[in-house]
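Colleague: protein-v2.tsv (TSV, N, CA and C atoms) pasted underneath:
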```tsv
chain	number	residue	atom	x	y	z
A	1	MET	N	130.08	94.45	228.01
A	1	MET	CA	131.18	94.78	227.15
A	1	MET	C	130.86	94.34	225.72
A	2	THR	N	131.09	95.20	224.79
A	2	THR	CA	130.82	94.90	223.38
A	2	THR	C	132.13	94.60	222.66
A	3	VAL	N	132.10	93.59	221.82
A	3	VAL	CA	133.27	93.23	221.02
A	3	VAL	C	133.15	93.88	219.65
A	4	ASP	N	134.16	94.60	219.24
A	4	ASP	CA	134.19	95.19	217.90
A	4	ASP	C	134.68	94.13	216.92
A	5	TYR	N	133.78	93.28	216.47
A	5	TYR	CA	134.18	92.14	215.64
A	5	TYR	C	134.72	92.56	214.28
A	6	LEU	N	134.29	93.67	213.74
A	6	LEU	CA	134.83	94.11	212.45
A	6	LEU	C	136.31	94.50	212.58
A	7	SER	N	136.68	95.11	213.71
A	7	SER	CA	138.09	95.42	213.94
A	7	SER	C	138.91	94.15	214.11
A	8	LEU	N	138.34	93.17	214.81
A	8	LEU	CA	139.05	91.91	214.99
A	8	LEU	C	139.23	91.18	213.66
A	9	ILE	N	138.20	91.19	212.85
A	9	ILE	CA	138.30	90.56	211.53
A	9	ILE	C	139.40	91.25	210.73
A	10	SER	N	139.42	92.56	210.74
A	10	SER	CA	140.45	93.31	210.03
A	10	SER	C	141.84	93.00	210.57
A	11	LYS	N	141.96	92.91	211.88
A	11	LYS	CA	143.25	92.66	212.52
A	11	LYS	C	143.80	91.28	212.14
A	12	TYR	N	142.96	90.27	212.11
A	12	TYR	CA	143.44	88.90	211.93
A	12	TYR	C	143.41	88.41	210.48
A	13	THR	N	142.87	89.18	209.57
A	13	THR	CA	142.86	88.72	208.18
A	13	THR	C	144.12	89.14	207.44
A	14	GLY	N	144.56	90.34	207.67
A	14	GLY	CA	145.78	90.80	207.01
A	14	GLY	C	145.53	91.17	205.56
A	15	ASP	N	146.49	91.86	204.99
A	15	ASP	CA	146.39	92.35	203.62
A	15	ASP	C	146.33	91.23	202.59
A	16	GLU	N	146.97	90.09	202.91
A	16	GLU	CA	147.01	89.00	201.94
A	16	GLU	C	145.63	88.37	201.69
A	17	HIS	N	144.67	88.67	202.55
A	17	HIS	CA	143.32	88.12	202.41
A	17	HIS	C	142.29	89.19	202.03
A	18	GLU	N	142.78	90.31	201.56
A	18	GLU	CA	141.91	91.46	201.28
A	18	GLU	C	140.73	91.10	200.37
A	19	GLN	N	140.96	90.24	199.39
A	19	GLN	CA	139.91	89.89	198.43
A	19	GLN	C	138.87	88.94	199.01
A	20	THR	N	139.24	88.16	200.02
A	20	THR	CA	138.29	87.20	200.58
A	20	THR	C	137.52	87.73	201.78
A	21	VAL	N	137.95	88.84	202.34
A	21	VAL	CA	137.28	89.39	203.53
A	21	VAL	C	135.81	89.71	203.28
A	22	PRO	N	135.43	90.35	202.16
A	22	PRO	CA	134.00	90.61	201.96
A	22	PRO	C	133.15	89.33	201.97
A	23	ALA	N	133.63	88.27	201.34
A	23	ALA	CA	132.89	87.01	201.34
A	23	ALA	C	132.81	86.43	202.75
A	24	PHE	N	133.90	86.57	203.51
A	24	PHE	CA	133.91	86.10	204.89
A	24	PHE	C	132.87	86.85	205.72
A	25	ILE	N	132.81	88.16	205.56
A	25	ILE	CA	131.85	88.97	206.32
A	25	ILE	C	130.42	88.62	205.93
A	26	ILE	N	130.16	88.43	204.65
A	26	ILE	CA	128.81	88.04	204.20
A	26	ILE	C	128.44	86.69	204.80
A	27	HIS	N	129.34	85.72	204.71
A	27	HIS	CA	129.08	84.40	205.28
A	27	HIS	C	128.79	84.51	206.78
A	28	SER	N	129.64	85.24	207.49
A	28	SER	CA	129.46	85.38	208.94
A	28	SER	C	128.14	86.06	209.28
A	29	ALA	N	127.77	87.07	208.51
A	29	ALA	CA	126.51	87.76	208.74
A	29	ALA	C	125.31	86.84	208.50
A	30	LEU	N	125.38	86.01	207.47
A	30	LEU	CA	124.30	85.06	207.21
A	30	LEU	C	124.16	84.04	208.35
A	31	VAL	N	125.29	83.52	208.81
A	31	VAL	CA	125.27	82.57	209.93
A	31	VAL	C	124.72	83.26	211.19
A	32	THR	N	125.17	84.49	211.43
A	32	THR	CA	124.72	85.25	212.60
A	32	THR	C	123.22	85.50	212.55
A	33	ASN	N	122.72	85.92	211.41
A	33	ASN	CA	121.28	86.18	211.28
A	33	ASN	C	120.47	84.92	211.51
A	34	LYS	N	120.94	83.79	211.02
A	34	LYS	CA	120.24	82.53	211.23
A	34	LYS	C	120.23	82.18	212.72
A	35	ALA	N	121.37	82.32	213.38
A	35	ALA	CA	121.46	82.02	214.81
A	35	ALA	C	120.55	82.94	215.63
A	36	LEU	N	120.51	84.22	215.28
A	36	LEU	CA	119.65	85.16	216.01
A	36	LEU	C	118.17	84.86	215.78
A	37	THR	N	117.82	84.47	214.57
A	37	THR	CA	116.43	84.10	214.27
A	37	THR	C	116.00	82.90	215.10
A	38	ILE	N	116.86	81.89	215.14
A	38	ILE	CA	116.57	80.69	215.93
A	38	ILE	C	116.44	81.04	217.41
A	39	ALA	N	117.36	81.86	217.92
A	39	ALA	CA	117.34	82.25	219.33
A	39	ALA	C	116.08	83.01	219.68
A	40	ARG	N	115.67	83.92	218.82
A	40	ARG	CA	114.45	84.70	219.10
A	40	ARG	C	113.21	83.81	219.08
A	41	LYS	N	113.14	82.89	218.13
A	41	LYS	CA	112.00	81.96	218.09
A	41	LYS	C	112.00	81.06	219.32
A	42	TYR	N	113.18	80.64	219.75
A	42	TYR	CA	113.28	79.81	220.95
A	42	TYR	C	112.78	80.58	222.16
A	43	GLN	N	113.13	81.85	222.25
A	43	GLN	CA	112.68	82.68	223.38
A	43	GLN	C	111.17	82.86	223.36
A	44	GLU	N	110.57	82.89	222.19
A	44	GLU	CA	109.11	83.01	222.11
A	44	GLU	C	108.45	81.79	222.75
A	45	VAL	N	109.01	80.63	222.50
A	45	VAL	CA	108.45	79.38	223.03
A	45	VAL	C	108.83	79.19	224.50
A	46	HIS	N	110.00	79.67	224.87
A	46	HIS	CA	110.52	79.52	226.23
A	46	HIS	C	110.88	80.89	226.80
A	47	PRO	N	109.86	81.69	227.15
A	47	PRO	CA	110.14	83.06	227.61
A	47	PRO	C	110.96	83.13	228.90
A	48	ASP	N	111.04	82.03	229.63
A	48	ASP	CA	111.81	82.01	230.87
A	48	ASP	C	113.31	81.85	230.62
A	49	VAL	N	113.70	81.54	229.39
A	49	VAL	CA	115.10	81.35	229.05
A	49	VAL	C	115.68	82.66	228.55
A	50	GLU	N	116.80	83.07	229.16
A	50	GLU	CA	117.48	84.28	228.72
A	50	GLU	C	118.61	83.92	227.78
A	51	ILE	N	118.65	84.55	226.63
A	51	ILE	CA	119.72	84.35	225.67
A	51	ILE	C	120.37	85.71	225.43
A	52	ASP	N	121.66	85.75	225.56
A	52	ASP	CA	122.42	86.99	225.34
A	52	ASP	C	122.58	87.16	223.83
A	53	LEU	N	121.67	87.92	223.23
A	53	LEU	CA	121.67	88.09	221.78
A	53	LEU	C	122.90	88.85	221.29
A	54	GLN	N	123.40	89.77	222.09
A	54	GLN	CA	124.61	90.50	221.70
A	54	GLN	C	125.80	89.56	221.63
A	55	LEU	N	125.95	88.70	222.63
A	55	LEU	CA	127.03	87.73	222.63
A	55	LEU	C	126.88	86.75	221.46
A	56	LEU	N	125.66	86.33	221.20
A	56	LEU	CA	125.40	85.43	220.07
A	56	LEU	C	125.81	86.08	218.75
A	57	GLU	N	125.50	87.37	218.59
A	57	GLU	CA	125.90	88.10	217.39
A	57	GLU	C	127.43	88.14	217.25
A	58	GLU	N	128.10	88.46	218.33
A	58	GLU	CA	129.56	88.54	218.30
A	58	GLU	C	130.17	87.18	217.97
A	59	MET	N	129.64	86.13	218.58
A	59	MET	CA	130.16	84.78	218.32
A	59	MET	C	129.89	84.37	216.88
A	60	GLY	N	128.72	84.72	216.36
A	60	GLY	CA	128.40	84.38	214.98
A	60	GLY	C	129.33	85.06	213.99
A	61	MET	N	129.63	86.30	214.25
A	61	MET	CA	130.50	87.04	213.33
A	61	MET	C	131.95	86.57	213.38
A	62	LEU	N	132.34	85.95	214.48
A	62	LEU	CA	133.73	85.52	214.64
A	62	LEU	C	133.91	84.00	214.58
A	63	HIS	N	132.85	83.28	214.28
A	63	HIS	CA	132.91	81.82	214.39
A	63	HIS	C	133.96	81.17	213.47
A	64	ASP	N	134.31	81.78	212.38
A	64	ASP	CA	135.27	81.20	211.42
A	64	ASP	C	136.57	82.00	211.32
A	65	ILE	N	136.85	82.86	212.28
A	65	ILE	CA	138.00	83.76	212.17
A	65	ILE	C	139.31	83.01	211.97
A	66	GLY	N	139.42	81.80	212.47
A	66	GLY	CA	140.64	81.02	212.33
A	66	GLY	C	140.92	80.54	210.92
A	67	ILE	N	139.96	80.64	210.03
A	67	ILE	CA	140.14	80.16	208.65
A	67	ILE	C	141.30	80.88	207.96
A	68	PHE	N	141.58	82.09	208.38
A	68	PHE	CA	142.64	82.86	207.75
A	68	PHE	C	144.03	82.41	208.18
A	69	ARG	N	144.10	81.54	209.17
A	69	ARG	CA	145.38	81.03	209.65
A	69	ARG	C	145.62	79.58	209.19
A	70	THR	N	144.78	79.07	208.31
A	70	THR	CA	144.94	77.69	207.84
A	70	THR	C	145.68	77.67	206.51
A	71	GLU	N	146.26	76.55	206.20
A	71	GLU	CA	146.98	76.36	204.93
A	71	GLU	C	146.01	75.79	203.90
A	72	MET	N	145.34	76.65	203.17
A	72	MET	CA	144.40	76.24	202.14
A	72	MET	C	144.56	77.16	200.93
A	73	PRO	N	145.49	76.88	200.05
A	73	PRO	CA	145.70	77.76	198.89
A	73	PRO	C	144.44	77.98	198.05
A	74	SER	N	143.55	76.99	198.04
A	74	SER	CA	142.34	77.12	197.22
A	74	SER	C	141.33	78.08	197.82
A	75	LEU	N	141.51	78.43	199.09
A	75	LEU	CA	140.60	79.36	199.74
A	75	LEU	C	140.91	80.74	199.25
```
Show the structure stored in the file as structure tokens.
Modeller:
Amino acid sequence: MTVDYLSLISKYTGDEHEQTVPAFIIHSALVTNKALTIARKYQEVHPDVEIDLQLLEEMGMLHDIGIFRTEMPSL
């Protein structure tokens, strides 16, 4: 099963965060790419270990989704 993380981001950010969503997506993509790079290198060293790269991508893109529900006017 694939998670449509862009739809979830859109659903939980709301219109009031429209200006910060692009920065959120860039940040999440950078974190995701770093996690995937580490996972792939780990698999090279430990080929017997299976890592669900799709799940890792989905988790990376959604790791900070709760930030939009916090009380931080400076954000």
Colleague: Within 7 Å of Leu62 (chain A), counting all atoms listed in the file, which residues show up once you throw out same-chain ones fewer than 5 positions away? Write them as a PyMOL selection string, please.
Modeller: chain A and resi 5+28+57
Colleague: What is the atom N of Leu8 (chain A)-atom C of Met61 (chain A) distance in Å, reported with one decimal?
Modeller: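 We find that atom N of Leu8 (chain A) and atom C of Met61 (chain A) lie 9.3 Å from each other.
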Colleague: Rounded to one decimal in Å, what is the spacing between CA of Thr32 (chain A) and atom C of Gly60 (chain A)?
Modeller: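 According to the coordinates, CA of Thr32 (chain A) and atom C of Gly60 (chain A) are separated by 4.8 Å.
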Colleague: Find the residue from A:Val45, A:Asp64, A:Glu50, A:Thr2 that sits nearest to Ile26 (chain A); use only C-alpha atoms when measuring.
Modeller: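 Closest candidate: A:Asp64.
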Colleague: Which neighbours of Val3 (chain A) fall inside 8 Å, counting all atoms listed in the file, when residues of the same chain fewer than 4 positions from it are skipped, and could you give them as a PyMOL selection string?
Modeller: chain A and resi 7-8+54-55+58
Colleague: To one decimal in Å, tell me the separation between atom C of Ala29 (chain A) and atom N of Ile9 (chain A).
Modeller: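 Between atom C of Ala29 (chain A) and atom N of Ile9 (chain A) the gap is 14.3 Å.
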Colleague: Nearest to Thr13 (chain A): which of A:Ala35, A:Ile65, A:Ile51, A:Met1 is it, counting only C-alpha atoms?
Modeller: A:Ile65
Colleague: Ranking A:Leu56, A:Leu6, A:Val49, A:Ile67 by minimum distance to Thr20 (chain A) and counting only C-alpha atoms, which one comes first?
Modeller: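 Nearest candidate to Thr20 (chain A) out of A:Leu56, A:Leu6, A:Val49, A:Ile67: A:Ile67.
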Colleague: How would you write, as number ranges by chain, the set of residues in chain A that DSSP gives as helix (DSSP H, G or I)?
Modeller: A: 5-13, 15-17, 21-45, 53-62, 65-69
Colleague: Box in all listed atoms of region 36-52 of chain A, axis-aligned, with 5 Å more on each side; write out centre and edge lengths in Å to one decimal as JSON.
Modeller:
```
{"center_x": 115.5, "center_y": 83.2, "center_z": 222.6, "size_x": 24.1, "size_y": 18.0, "size_z": 26.6}
```
